[in-house]
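Peer 1: Next comes the structure file entry-v4.pdb, holding PDB, C-alpha atoms, pLDDT in the B column.
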```pdb
MODEL        1
ATOM      1  CA  MET A 263     -19.889  -9.174   6.531  1.00 80.00           C
ATOM      2  CA  ALA A 264     -17.518 -10.727   4.000  1.00 87.00           C
ATOM      3  CA  ALA A 265     -14.172 -12.158   5.044  1.00 93.00           C
ATOM      4  CA  MET A 266     -11.305  -9.990   3.899  1.00 96.00           C
ATOM      5  CA  PRO A 267      -8.700 -11.837   1.815  1.00 97.00           C
ATOM      6  CA  THR A 268      -5.268 -12.992   2.870  1.00 98.00           C
ATOM      7  CA  LEU A 269      -2.561 -12.646   0.204  1.00 98.00           C
ATOM      8  CA  SER A 270       0.885 -14.167   0.205  1.00 96.00           C
ATOM      9  CA  THR A 271       4.275 -13.756  -1.413  1.00 96.00           C
ATOM     10  CA  ALA A 272       7.479 -15.719  -0.997  1.00 96.00           C
ATOM     11  CA  ARG A 273       8.395 -13.597   2.045  1.00 97.00           C
ATOM     12  CA  LEU A 274       5.144 -12.040   3.245  1.00 98.00           C
ATOM     13  CA  ILE A 275       1.600 -12.723   4.368  1.00 98.00           C
ATOM     14  CA  LEU A 276      -0.833  -9.840   3.861  1.00 98.00           C
ATOM     15  CA  ARG A 277      -3.710 -10.418   6.250  1.00 98.00           C
ATOM     16  CA  PRO A 278      -6.550  -8.467   7.848  1.00 98.00           C
ATOM     17  CA  PHE A 279      -5.543  -6.451  10.891  1.00 98.00           C
ATOM     18  CA  ARG A 280      -6.642  -7.598  14.342  1.00 97.00           C
ATOM     19  CA  LEU A 281      -7.210  -5.364  17.358  1.00 97.00           C
ATOM     20  CA  ASP A 282      -4.247  -6.984  19.105  1.00 97.00           C
ATOM     21  CA  ASP A 283      -2.021  -5.534  16.336  1.00 98.00           C
ATOM     22  CA  ALA A 284      -2.674  -2.037  17.697  1.00 97.00           C
ATOM     23  CA  PRO A 285       0.416  -1.736  19.959  1.00 96.00           C
ATOM     24  CA  VAL A 286       2.745  -2.662  17.077  1.00 97.00           C
ATOM     25  CA  VAL A 287       0.929  -0.300  14.693  1.00 96.00           C
ATOM     26  CA  ARG A 288       1.338   2.498  17.221  1.00 94.00           C
ATOM     27  CA  GLU A 289       5.039   1.743  17.640  1.00 94.00           C
ATOM     28  CA  LEU A 290       5.865   1.457  13.926  1.00 95.00           C
ATOM     29  CA  ALA A 291       3.518   4.042  12.401  1.00 92.00           C
ATOM     30  CA  GLY A 292       4.141   6.379  15.312  1.00 89.00           C
ATOM     31  CA  ALA A 293       7.768   6.900  14.307  1.00 90.00           C
ATOM     32  CA  ARG A 294       8.165  10.413  12.943  1.00 88.00           C
ATOM     33  CA  GLU A 295      10.161   9.121   9.932  1.00 88.00           C
ATOM     34  CA  VAL A 296       7.233   6.887   8.920  1.00 87.00           C
ATOM     35  CA  ALA A 297       4.480   9.445   9.558  1.00 83.00           C
ATOM     36  CA  ALA A 298       6.417  12.095   7.609  1.00 81.00           C
ATOM     37  CA  THR A 299       6.177  10.052   4.389  1.00 82.00           C
ATOM     38  CA  THR A 300       2.370   9.758   4.508  1.00 82.00           C
ATOM     39  CA  THR A 301      -0.585  12.113   4.348  1.00 80.00           C
ATOM     40  CA  ALA A 302      -2.726  10.490   7.019  1.00 81.00           C
ATOM     41  CA  ILE A 303      -0.663   8.986   9.843  1.00 83.00           C
ATOM     42  CA  PRO A 304      -0.807  11.310  12.855  1.00 81.00           C
ATOM     43  CA  HIS A 305       2.242  12.307  14.836  1.00 84.00           C
ATOM     44  CA  PRO A 306       2.434  12.011  17.728  1.00 83.00           C
ATOM     45  CA  TYR A 307       0.420   8.797  17.498  1.00 85.00           C
ATOM     46  CA  GLY A 308      -1.997   8.869  20.423  1.00 86.00           C
ATOM     47  CA  ASP A 309      -3.523   6.127  22.529  1.00 89.00           C
ATOM     48  CA  GLY A 310      -6.527   4.467  20.885  1.00 92.00           C
ATOM     49  CA  VAL A 311      -5.756   5.774  17.382  1.00 93.00           C
ATOM     50  CA  ALA A 312      -4.609   2.381  16.073  1.00 95.00           C
ATOM     51  CA  GLU A 313      -7.667   0.632  17.503  1.00 96.00           C
ATOM     52  CA  GLN A 314      -9.994   3.196  15.889  1.00 96.00           C
ATOM     53  CA  TRP A 315      -8.195   2.839  12.553  1.00 95.00           C
ATOM     54  CA  ILE A 316      -8.323  -0.972  12.617  1.00 97.00           C
ATOM     55  CA  ALA A 317     -12.042  -0.860  13.492  1.00 96.00           C
ATOM     56  CA  THR A 318     -12.789   0.950  10.191  1.00 96.00           C
ATOM     57  CA  HIS A 319     -11.324  -1.728   7.905  1.00 97.00           C
ATOM     58  CA  GLN A 320     -14.150  -4.266   7.785  1.00 97.00           C
ATOM     59  CA  GLN A 321     -16.885  -1.732   7.039  1.00 96.00           C
ATOM     60  CA  ALA A 322     -14.793  -0.076   4.306  1.00 97.00           C
ATOM     61  CA  TYR A 323     -14.247  -3.517   2.756  1.00 97.00           C
ATOM     62  CA  ASP A 324     -17.927  -4.490   3.084  1.00 96.00           C
ATOM     63  CA  ASN A 325     -18.916  -1.198   1.404  1.00 96.00           C
ATOM     64  CA  GLY A 326     -16.504  -1.831  -1.485  1.00 95.00           C
ATOM     65  CA  GLN A 327     -14.514   1.291  -0.621  1.00 97.00           C
ATOM     66  CA  ALA A 328     -11.152  -0.080   0.475  1.00 97.00           C
ATOM     67  CA  LEU A 329      -9.028  -3.065   1.365  1.00 98.00           C
ATOM     68  CA  THR A 330      -6.445  -2.586   4.112  1.00 98.00           C
ATOM     69  CA  LEU A 331      -4.113  -5.428   5.060  1.00 98.00           C
ATOM     70  CA  ALA A 332      -1.301  -5.944   7.550  1.00 98.00           C
ATOM     71  CA  ILE A 333       2.089  -6.693   6.015  1.00 98.00           C
ATOM     72  CA  THR A 334       3.604  -9.548   8.028  1.00 98.00           C
ATOM     73  CA  LEU A 335       6.733 -11.647   7.622  1.00 98.00           C
ATOM     74  CA  ARG A 336       5.892 -15.130   6.391  1.00 97.00           C
ATOM     75  CA  ASP A 337       8.469 -16.880   8.579  1.00 97.00           C
ATOM     76  CA  SER A 338       7.762 -15.188  11.914  1.00 97.00           C
ATOM     77  CA  GLY A 339       4.314 -13.615  11.509  1.00 97.00           C
ATOM     78  CA  LYS A 340       5.796 -10.311  12.705  1.00 98.00           C
ATOM     79  CA  LEU A 341       3.775  -7.235  11.694  1.00 98.00           C
ATOM     80  CA  ILE A 342       5.972  -4.800   9.757  1.00 98.00           C
ATOM     81  CA  GLY A 343       3.564  -2.425   7.992  1.00 97.00           C
ATOM     82  CA  ALA A 344       0.311  -1.880   6.120  1.00 97.00           C
ATOM     83  CA  ILE A 345      -0.960  -1.714   2.566  1.00 98.00           C
ATOM     84  CA  HIS A 346      -4.221  -0.145   1.463  1.00 97.00           C
ATOM     85  CA  ALA A 347      -6.190   0.002  -1.773  1.00 98.00           C
ATOM     86  CA  ALA A 348      -8.864   2.697  -2.014  1.00 97.00           C
ATOM     87  CA  ILE A 349     -11.434   1.443  -4.511  1.00 98.00           C
ATOM     88  CA  ASP A 350     -13.413   3.504  -7.024  1.00 98.00           C
ATOM     89  CA  ALA A 351     -15.739   0.834  -8.422  1.00 96.00           C
ATOM     90  CA  THR A 352     -17.435   3.213 -10.875  1.00 97.00           C
ATOM     91  CA  ASN A 353     -14.167   3.970 -12.643  1.00 98.00           C
ATOM     92  CA  LYS A 354     -12.585   0.549 -11.956  1.00 98.00           C
ATOM     93  CA  LEU A 355      -9.696   2.317 -10.252  1.00 98.00           C
ATOM     94  CA  ALA A 356      -7.707   1.432  -7.143  1.00 98.00           C
ATOM     95  CA  GLU A 357      -5.209   3.711  -5.427  1.00 97.00           C
ATOM     96  CA  LEU A 358      -2.477   2.142  -3.332  1.00 97.00           C
ATOM     97  CA  GLY A 359      -0.995   3.467  -0.137  1.00 94.00           C
ATOM     98  CA  TYR A 360       1.528   1.725   2.070  1.00 95.00           C
ATOM     99  CA  TRP A 361       3.955   2.104   4.935  1.00 94.00           C
ATOM    100  CA  VAL A 362       6.571  -0.109   6.509  1.00 95.00           C
ATOM    101  CA  GLY A 363       8.191   0.377   9.917  1.00 95.00           C
ATOM    102  CA  ARG A 364      11.628   1.983   9.940  1.00 94.00           C
ATOM    103  CA  PRO A 365      13.512  -1.234  10.934  1.00 95.00           C
ATOM    104  CA  TYR A 366      12.194  -2.890   7.747  1.00 96.00           C
ATOM    105  CA  TRP A 367      13.082  -0.208   5.195  1.00 94.00           C
ATOM    106  CA  ASN A 368      15.255  -0.970   2.146  1.00 93.00           C
ATOM    107  CA  GLN A 369      14.557  -4.695   2.154  1.00 95.00           C
ATOM    108  CA  GLY A 370      12.004  -4.849  -0.679  1.00 95.00           C
ATOM    109  CA  TYR A 371       9.003  -5.566   1.552  1.00 97.00           C
ATOM    110  CA  CYS A 372       6.891  -2.689   0.204  1.00 96.00           C
ATOM    111  CA  THR A 373       7.620  -3.798  -3.347  1.00 96.00           C
ATOM    112  CA  ASP A 374       6.547  -7.381  -2.578  1.00 97.00           C
ATOM    113  CA  ALA A 375       3.361  -6.226  -0.837  1.00 98.00           C
ATOM    114  CA  ALA A 376       2.481  -3.701  -3.543  1.00 97.00           C
ATOM    115  CA  LYS A 377       2.938  -6.279  -6.300  1.00 96.00           C
ATOM    116  CA  ALA A 378       0.616  -8.694  -4.492  1.00 97.00           C
ATOM    117  CA  MET A 379      -2.007  -5.980  -4.030  1.00 97.00           C
ATOM    118  CA  VAL A 380      -1.795  -4.909  -7.689  1.00 97.00           C
ATOM    119  CA  ASP A 381      -2.213  -8.528  -8.795  1.00 96.00           C
ATOM    120  CA  TYR A 382      -5.259  -8.850  -6.516  1.00 97.00           C
ATOM    121  CA  ALA A 383      -6.750  -5.588  -7.778  1.00 97.00           C
ATOM    122  CA  PHE A 384      -6.619  -6.752 -11.392  1.00 97.00           C
ATOM    123  CA  ARG A 385      -7.211 -10.472 -10.959  1.00 96.00           C
ATOM    124  CA  VAL A 386      -9.945 -10.442  -8.297  1.00 96.00           C
ATOM    125  CA  LEU A 387     -11.349  -6.919  -8.007  1.00 96.00           C
ATOM    126  CA  GLY A 388     -11.522  -6.424 -11.785  1.00 96.00           C
ATOM    127  CA  MET A 389      -9.841  -3.014 -11.754  1.00 97.00           C
ATOM    128  CA  ASN A 390      -8.746  -1.352 -14.991  1.00 98.00           C
ATOM    129  CA  ARG A 391      -6.200   0.988 -13.397  1.00 98.00           C
ATOM    130  CA  VAL A 392      -4.106   0.934 -10.232  1.00 98.00           C
ATOM    131  CA  GLN A 393      -2.327   4.109  -9.234  1.00 98.00           C
ATOM    132  CA  ALA A 394      -0.217   5.466  -6.405  1.00 96.00           C
ATOM    133  CA  ARG A 395       0.915   8.926  -5.359  1.00 95.00           C
ATOM    134  CA  HIS A 396       3.907   9.821  -3.228  1.00 92.00           C
ATOM    135  CA  MET A 397       5.468  13.000  -1.942  1.00 90.00           C
ATOM    136  CA  THR A 398       8.346  13.894  -4.215  1.00 90.00           C
ATOM    137  CA  LYS A 399      10.537  14.283  -1.142  1.00 86.00           C
ATOM    138  CA  ASN A 400      10.097  10.510  -0.619  1.00 86.00           C
ATOM    139  CA  PRO A 401      11.721   8.949  -3.706  1.00 88.00           C
ATOM    140  CA  ALA A 402      11.867   5.487  -2.075  1.00 86.00           C
ATOM    141  CA  SER A 403       8.090   5.243  -2.453  1.00 88.00           C
ATOM    142  CA  GLY A 404       8.448   6.129  -6.128  1.00 89.00           C
ATOM    143  CA  ARG A 405      10.956   3.327  -6.601  1.00 93.00           C
ATOM    144  CA  VAL A 406       8.361   0.864  -5.278  1.00 94.00           C
ATOM    145  CA  THR A 407       5.869   1.953  -7.933  1.00 94.00           C
ATOM    146  CA  GLN A 408       8.470   1.668 -10.691  1.00 94.00           C
ATOM    147  CA  ARG A 409       9.522  -1.822  -9.604  1.00 94.00           C
ATOM    148  CA  ILE A 410       5.944  -3.090  -9.844  1.00 94.00           C
ATOM    149  CA  GLY A 411       5.546  -1.809 -13.397  1.00 94.00           C
ATOM    150  CA  MET A 412       3.803   1.511 -12.831  1.00 96.00           C
ATOM    151  CA  ARG A 413       4.572   4.436 -15.122  1.00 96.00           C
ATOM    152  CA  TYR A 414       5.213   7.985 -14.040  1.00 96.00           C
ATOM    153  CA  GLU A 415       2.337  10.201 -15.207  1.00 97.00           C
ATOM    154  CA  GLY A 416       3.226  13.555 -13.728  1.00 96.00           C
ATOM    155  CA  THR A 417       3.670  15.682 -10.652  1.00 96.00           C
ATOM    156  CA  LEU A 418       0.714  17.239  -8.897  1.00 93.00           C
ATOM    157  CA  ARG A 419       2.252  20.465  -7.661  1.00 95.00           C
ATOM    158  CA  GLN A 420       1.493  21.407  -4.060  1.00 93.00           C
ATOM    159  CA  SER A 421      -1.411  18.967  -3.991  1.00 90.00           C
ATOM    160  CA  LEU A 422      -0.794  17.656  -0.465  1.00 86.00           C
ATOM    161  CA  PHE A 423      -0.792  19.694   2.734  1.00 86.00           C
ATOM    162  CA  ARG A 424       1.242  18.058   5.485  1.00 84.00           C
ATOM    163  CA  TRP A 425       2.473  19.576   8.710  1.00 83.00           C
ATOM    164  CA  GLY A 426       1.986  23.152   7.552  1.00 83.00           C
ATOM    165  CA  THR A 427       3.653  22.705   4.166  1.00 88.00           C
ATOM    166  CA  PHE A 428       2.280  22.145   0.675  1.00 92.00           C
ATOM    167  CA  GLU A 429       3.990  19.126  -0.896  1.00 90.00           C
ATOM    168  CA  ASP A 430       4.302  18.044  -4.514  1.00 93.00           C
ATOM    169  CA  ALA A 431       3.058  14.530  -5.291  1.00 93.00           C
ATOM    170  CA  ALA A 432       4.259  12.310  -8.128  1.00 95.00           C
ATOM    171  CA  ILE A 433       1.612  10.010  -9.583  1.00 97.00           C
ATOM    172  CA  TYR A 434       2.275   6.595 -11.101  1.00 97.00           C
ATOM    173  CA  ALA A 435      -0.129   4.057 -12.571  1.00 97.00           C
ATOM    174  CA  ILE A 436      -0.417   0.720 -14.312  1.00 97.00           C
ATOM    175  CA  LEU A 437      -3.293  -0.257 -16.595  1.00 97.00           C
ATOM    176  CA  ARG A 438      -4.837  -3.698 -16.852  1.00 96.00           C
ATOM    177  CA  GLU A 439      -3.452  -4.200 -20.374  1.00 95.00           C
ATOM    178  CA  GLU A 440       0.095  -3.351 -19.180  1.00 95.00           C
ATOM    179  CA  TRP A 441      -0.247  -5.696 -16.221  1.00 95.00           C
ATOM    180  CA  SER A 442      -1.525  -8.488 -18.524  1.00 91.00           C
ATOM    181  CA  LEU A 443       1.475  -8.048 -20.840  1.00 90.00           C
ATOM    182  CA  GLY A 444       3.772  -8.304 -17.831  1.00 83.00           C
ATOM    183  CA  GLN A 445       2.035 -11.496 -16.688  1.00 82.00           C
ATOM    184  CA  ARG A 446       2.428 -13.062 -20.140  1.00 80.00           C
ATOM    185  CA  ALA A 447       6.106 -12.039 -20.328  1.00 79.00           C
ATOM    186  CA  ALA A 448       6.747 -13.562 -16.893  1.00 77.00           C
ATOM    187  CA  ALA A 449       5.019 -16.797 -17.953  1.00 78.00           C
ATOM    188  CA  ALA A 450       7.169 -16.918 -21.116  1.00 79.00           C
ATOM    189  CA  ARG A 451      10.274 -16.643 -18.900  1.00 77.00           C
ATOM    190  CA  GLY A 452       8.983 -19.552 -16.819  1.00 77.00           C
ATOM    191  CA  GLU A 453       8.311 -17.470 -13.708  1.00 71.00           C
ATOM    192  CA  PRO A 454       5.572 -18.765 -11.415  1.00 61.00           C
ATOM    193  CA  SER A 455       2.128 -17.221 -11.784  1.00 54.00           C
ATOM    194  CA  ALA A 456       0.693 -14.985  -9.090  1.00 49.00           C
ATOM    195  CA  GLU A 457      -2.490 -17.079  -9.152  1.00 42.00           C
TER     196      GLU A 457
ENDMDL
END
```
Can you dump the structure from the file as C-alpha cells?
Peer 2:
Amino acid sequence: MAAMPTLSTARLILRPFRLDDAPVVRELAGAREVAATTTAIPHPYGDGVAEQWIATHQQAYDNGQALTLAITLRDSGKLIGAIHAAIDATNKLAELGYWVGRPYWNQGYCTDAAKAMVDYAFRVLGMNRVQARHMTKNPASGRVTQRIGMRYEGTLRQSLFRWGTFEDAAIYAILREEWSLGQRAAAARGEPSAE
C-alpha cells in the first residue's frame, strides 16, 4: 500500500481523504446544486455513502487506476471539495473530475486544484494527455479547464445520462508538449515553478 501524495498551492492543500471527512463530504456533495453538475454524486446523499466512497480511494491508487484527493484550505484545513484523476496508464491519459461545495464557488479554488493535479499528472505520473469533460449546462466547469490551459476539442452530444435526461458534454484537453511550453513561458516571466 503506497502513500497517496499531498499536493499544495498558495491557498490549498490537496490531501488524501480520511474517514472522518465523511460528514463534510455528505454535507457539501449532498447539495443538489453540486450533485447536479456531476455524473456520479447521488442525490439525495444517503448515510454511509461518503464512507464507502472514501474507502475505495486507496485501492484505486494502489492499482494505478485513480488518484482522489480532498481539496482543503491551506490556512484553516477546512475541507471544501474533491479532485480526481482517472488514470489510463496504457494510453498515458488522465481524466480530471472535481467538485467544490456551494459556499466555495466562484473563488478560483477548482482552478487552483486542477492546475496542481495537471502538474502532478505530467511531472510525476508521466501522462501525455490530461482531459476533462463537463456538462454543457455547467459552463463554470469549462472555465476551469480553459484557465489551466486546456483546449476545447468538441462536444459529445447526449453522451451523459443524468436524472432521466441525456446531457451534452464538452471535452477539453492539454498535451504534455503544451504543458511544457506553458511551464517554460512561466519560468521566462519569473513565475515560481510548480516543482
Peer 1: Kindly indicate which residue among A:Asp324, A:Glu453, A:Glu313, A:Glu415 lies nearest to A:Val286, using only C-alpha atoms for the distances.
Peer 2: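 Ranked by minimum distance to A:Val286, first place goes to A:Glu313.
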Peer 1: For this structure, which residues satisfy the selection - the PyMOL selection byres ((chain A and resi 387-398) around 9) - when it is evaluated on the file as given? I want them as a PDB file with C-alpha atoms, keeping the file's coordinate frame.
Peer 2:
```pdb
ATOM      1  CA  THR A 299       6.177  10.052   4.389  1.00 82.00           C
ATOM      2  CA  THR A 300       2.370   9.758   4.508  1.00 82.00           C
ATOM      3  CA  THR A 301      -0.585  12.113   4.348  1.00 80.00           C
ATOM      4  CA  ALA A 347      -6.190   0.002  -1.773  1.00 98.00           C
ATOM      5  CA  ILE A 349     -11.434   1.443  -4.511  1.00 98.00           C
ATOM      6  CA  ASP A 350     -13.413   3.504  -7.024  1.00 98.00           C
ATOM      7  CA  ALA A 351     -15.739   0.834  -8.422  1.00 96.00           C
ATOM      8  CA  ASN A 353     -14.167   3.970 -12.643  1.00 98.00           C
ATOM      9  CA  LYS A 354     -12.585   0.549 -11.956  1.00 98.00           C
ATOM     10  CA  LEU A 355      -9.696   2.317 -10.252  1.00 98.00           C
ATOM     11  CA  ALA A 356      -7.707   1.432  -7.143  1.00 98.00           C
ATOM     12  CA  GLU A 357      -5.209   3.711  -5.427  1.00 97.00           C
ATOM     13  CA  LEU A 358      -2.477   2.142  -3.332  1.00 97.00           C
ATOM     14  CA  GLY A 359      -0.995   3.467  -0.137  1.00 94.00           C
ATOM     15  CA  VAL A 380      -1.795  -4.909  -7.689  1.00 97.00           C
ATOM     16  CA  TYR A 382      -5.259  -8.850  -6.516  1.00 97.00           C
ATOM     17  CA  ALA A 383      -6.750  -5.588  -7.778  1.00 97.00           C
ATOM     18  CA  PHE A 384      -6.619  -6.752 -11.392  1.00 97.00           C
ATOM     19  CA  ARG A 385      -7.211 -10.472 -10.959  1.00 96.00           C
ATOM     20  CA  VAL A 386      -9.945 -10.442  -8.297  1.00 96.00           C
ATOM     21  CA  LYS A 399      10.537  14.283  -1.142  1.00 86.00           C
ATOM     22  CA  ASN A 400      10.097  10.510  -0.619  1.00 86.00           C
ATOM     23  CA  PRO A 401      11.721   8.949  -3.706  1.00 88.00           C
ATOM     24  CA  SER A 403       8.090   5.243  -2.453  1.00 88.00           C
ATOM     25  CA  GLY A 404       8.448   6.129  -6.128  1.00 89.00           C
ATOM     26  CA  THR A 407       5.869   1.953  -7.933  1.00 94.00           C
ATOM     27  CA  MET A 412       3.803   1.511 -12.831  1.00 96.00           C
ATOM     28  CA  THR A 417       3.670  15.682 -10.652  1.00 96.00           C
ATOM     29  CA  LEU A 422      -0.794  17.656  -0.465  1.00 86.00           C
ATOM     30  CA  GLU A 429       3.990  19.126  -0.896  1.00 90.00           C
ATOM     31  CA  ASP A 430       4.302  18.044  -4.514  1.00 93.00           C
ATOM     32  CA  ALA A 431       3.058  14.530  -5.291  1.00 93.00           C
ATOM     33  CA  ALA A 432       4.259  12.310  -8.128  1.00 95.00           C
ATOM     34  CA  ILE A 433       1.612  10.010  -9.583  1.00 97.00           C
ATOM     35  CA  TYR A 434       2.275   6.595 -11.101  1.00 97.00           C
ATOM     36  CA  ALA A 435      -0.129   4.057 -12.571  1.00 97.00           C
ATOM     37  CA  ILE A 436      -0.417   0.720 -14.312  1.00 97.00           C
ATOM     38  CA  LEU A 437      -3.293  -0.257 -16.595  1.00 97.00           C
ATOM     39  CA  ARG A 438      -4.837  -3.698 -16.852  1.00 96.00           C
ATOM     40  CA  GLU A 439      -3.452  -4.200 -20.374  1.00 95.00           C
TER      41      GLU A 439
END
```
Peer 1: For atom CA of A:Ala328 and atom CA of A:Pro278, quote the distance in Å rounded to one decimal.
Peer 2: 12.1 Å
Peer 1: Which residues match the PyMOL selection byres ((chain A and resi 272) around 12) in the file above, as a PyMOL selection string?
Peer 2: chain A and resi 269-271+273-276+334-337+370-371+374-375+377-378+454+456
Peer 1: Box for stretch 404-418 of chain A - axis-aligned, 3 Å on each of the six sides, all listed atoms - centre and size in Å to one decimal, as lines of an AutoDock Vina configuration file.
Peer 2:
```
center_x = 5.8
center_y = 7.1
center_z = -10.2
size_x = 16.2
size_y = 26.3
size_z = 15.9
```
Peer 1: Rebuild stretch 415-423 of chain A so that it carries all heavy atoms, then output the result as a PDB file, keeping the file's coordinate frame.
Peer 2:
```pdb
ATOM      1  N   GLU A 415       3.297   9.447 -14.396  1.00 97.00           N
ATOM      2  CA  GLU A 415       2.337  10.201 -15.207  1.00 97.00           C
ATOM      3  C   GLU A 415       2.418  11.706 -14.980  1.00 97.00           C
ATOM      4  O   GLU A 415       1.831  12.459 -15.738  1.00 97.00           O
ATOM      5  CB  GLU A 415       0.915   9.710 -14.926  1.00 97.00           C
ATOM      6  CG  GLU A 415       0.701   8.284 -15.396  1.00 97.00           C
ATOM      7  CD  GLU A 415      -0.746   7.848 -15.300  1.00 97.00           C
ATOM      8  OE1 GLU A 415      -1.499   8.408 -14.472  1.00 97.00           O
ATOM      9  OE2 GLU A 415      -1.128   6.940 -16.056  1.00 97.00           O
ATOM     10  N   GLY A 416       3.096  12.122 -13.940  1.00 96.00           N
ATOM     11  CA  GLY A 416       3.226  13.555 -13.728  1.00 96.00           C
ATOM     12  C   GLY A 416       3.378  13.902 -12.260  1.00 96.00           C
ATOM     13  O   GLY A 416       3.346  13.031 -11.389  1.00 96.00           O
ATOM     14  N   THR A 417       3.555  15.175 -12.017  1.00 96.00           N
ATOM     15  CA  THR A 417       3.670  15.682 -10.652  1.00 96.00           C
ATOM     16  C   THR A 417       2.523  16.642 -10.391  1.00 96.00           C
ATOM     17  O   THR A 417       2.280  17.563 -11.177  1.00 96.00           O
ATOM     18  CB  THR A 417       5.026  16.387 -10.440  1.00 96.00           C
ATOM     19  OG1 THR A 417       6.064  15.413 -10.604  1.00 96.00           O
ATOM     20  CG2 THR A 417       5.126  16.999  -9.044  1.00 96.00           C
ATOM     21  N   LEU A 418       1.821  16.391  -9.315  1.00 93.00           N
ATOM     22  CA  LEU A 418       0.714  17.239  -8.897  1.00 93.00           C
ATOM     23  C   LEU A 418       1.289  18.260  -7.919  1.00 93.00           C
ATOM     24  O   LEU A 418       1.545  17.965  -6.754  1.00 93.00           O
ATOM     25  CB  LEU A 418      -0.374  16.386  -8.232  1.00 93.00           C
ATOM     26  CG  LEU A 418      -0.834  15.177  -9.057  1.00 93.00           C
ATOM     27  CD1 LEU A 418      -1.776  14.298  -8.251  1.00 93.00           C
ATOM     28  CD2 LEU A 418      -1.497  15.630 -10.339  1.00 93.00           C
ATOM     29  N   ARG A 419       1.542  19.457  -8.432  1.00 95.00           N
ATOM     30  CA  ARG A 419       2.252  20.465  -7.661  1.00 95.00           C
ATOM     31  C   ARG A 419       1.434  20.942  -6.461  1.00 95.00           C
ATOM     32  O   ARG A 419       0.271  21.263  -6.591  1.00 95.00           O
ATOM     33  CB  ARG A 419       2.623  21.648  -8.555  1.00 95.00           C
ATOM     34  CG  ARG A 419       3.575  21.242  -9.680  1.00 95.00           C
ATOM     35  CD  ARG A 419       3.853  22.366 -10.651  1.00 95.00           C
ATOM     36  NE  ARG A 419       2.609  22.867 -11.221  1.00 95.00           N
ATOM     37  CZ  ARG A 419       2.364  24.166 -11.456  1.00 95.00           C
ATOM     38  NH1 ARG A 419       3.264  25.080 -11.177  1.00 95.00           N
ATOM     39  NH2 ARG A 419       1.223  24.529 -11.973  1.00 95.00           N
ATOM     40  N   GLN A 420       2.076  20.942  -5.307  1.00 93.00           N
ATOM     41  CA  GLN A 420       1.493  21.407  -4.060  1.00 93.00           C
ATOM     42  C   GLN A 420       0.078  20.851  -3.826  1.00 93.00           C
ATOM     43  O   GLN A 420      -0.817  21.553  -3.371  1.00 93.00           O
ATOM     44  CB  GLN A 420       1.495  22.938  -4.008  1.00 93.00           C
ATOM     45  CG  GLN A 420       2.883  23.523  -4.022  1.00 93.00           C
ATOM     46  CD  GLN A 420       2.904  25.021  -3.801  1.00 93.00           C
ATOM     47  OE1 GLN A 420       1.893  25.635  -3.466  1.00 93.00           O
ATOM     48  NE2 GLN A 420       4.067  25.619  -4.000  1.00 93.00           N
ATOM     49  N   SER A 421      -0.088  19.588  -4.102  1.00 90.00           N
ATOM     50  CA  SER A 421      -1.411  18.967  -3.991  1.00 90.00           C
ATOM     51  C   SER A 421      -1.676  18.343  -2.624  1.00 90.00           C
ATOM     52  O   SER A 421      -2.802  17.934  -2.339  1.00 90.00           O
ATOM     53  CB  SER A 421      -1.588  17.911  -5.086  1.00 90.00           C
ATOM     54  OG  SER A 421      -0.616  16.898  -4.952  1.00 90.00           O
ATOM     55  N   LEU A 422      -0.649  18.232  -1.794  1.00 86.00           N
ATOM     56  CA  LEU A 422      -0.794  17.656  -0.465  1.00 86.00           C
ATOM     57  C   LEU A 422      -0.373  18.689   0.578  1.00 86.00           C
ATOM     58  O   LEU A 422       0.625  19.385   0.391  1.00 86.00           O
ATOM     59  CB  LEU A 422       0.074  16.401  -0.319  1.00 86.00           C
ATOM     60  CG  LEU A 422      -0.169  15.281  -1.329  1.00 86.00           C
ATOM     61  CD1 LEU A 422       0.871  14.187  -1.167  1.00 86.00           C
ATOM     62  CD2 LEU A 422      -1.576  14.711  -1.178  1.00 86.00           C
ATOM     63  N   PHE A 423      -1.134  18.770   1.652  1.00 86.00           N
ATOM     64  CA  PHE A 423      -0.792  19.694   2.734  1.00 86.00           C
ATOM     65  C   PHE A 423      -0.457  18.863   3.954  1.00 86.00           C
ATOM     66  O   PHE A 423      -1.307  18.154   4.493  1.00 86.00           O
ATOM     67  CB  PHE A 423      -1.966  20.633   3.024  1.00 86.00           C
ATOM     68  CG  PHE A 423      -1.627  21.750   3.969  1.00 86.00           C
ATOM     69  CD1 PHE A 423      -0.732  22.738   3.603  1.00 86.00           C
ATOM     70  CD2 PHE A 423      -2.204  21.801   5.226  1.00 86.00           C
ATOM     71  CE1 PHE A 423      -0.416  23.780   4.466  1.00 86.00           C
ATOM     72  CE2 PHE A 423      -1.898  22.831   6.104  1.00 86.00           C
ATOM     73  CZ  PHE A 423      -0.997  23.826   5.722  1.00 86.00           C
TER      74      PHE A 423
END
```
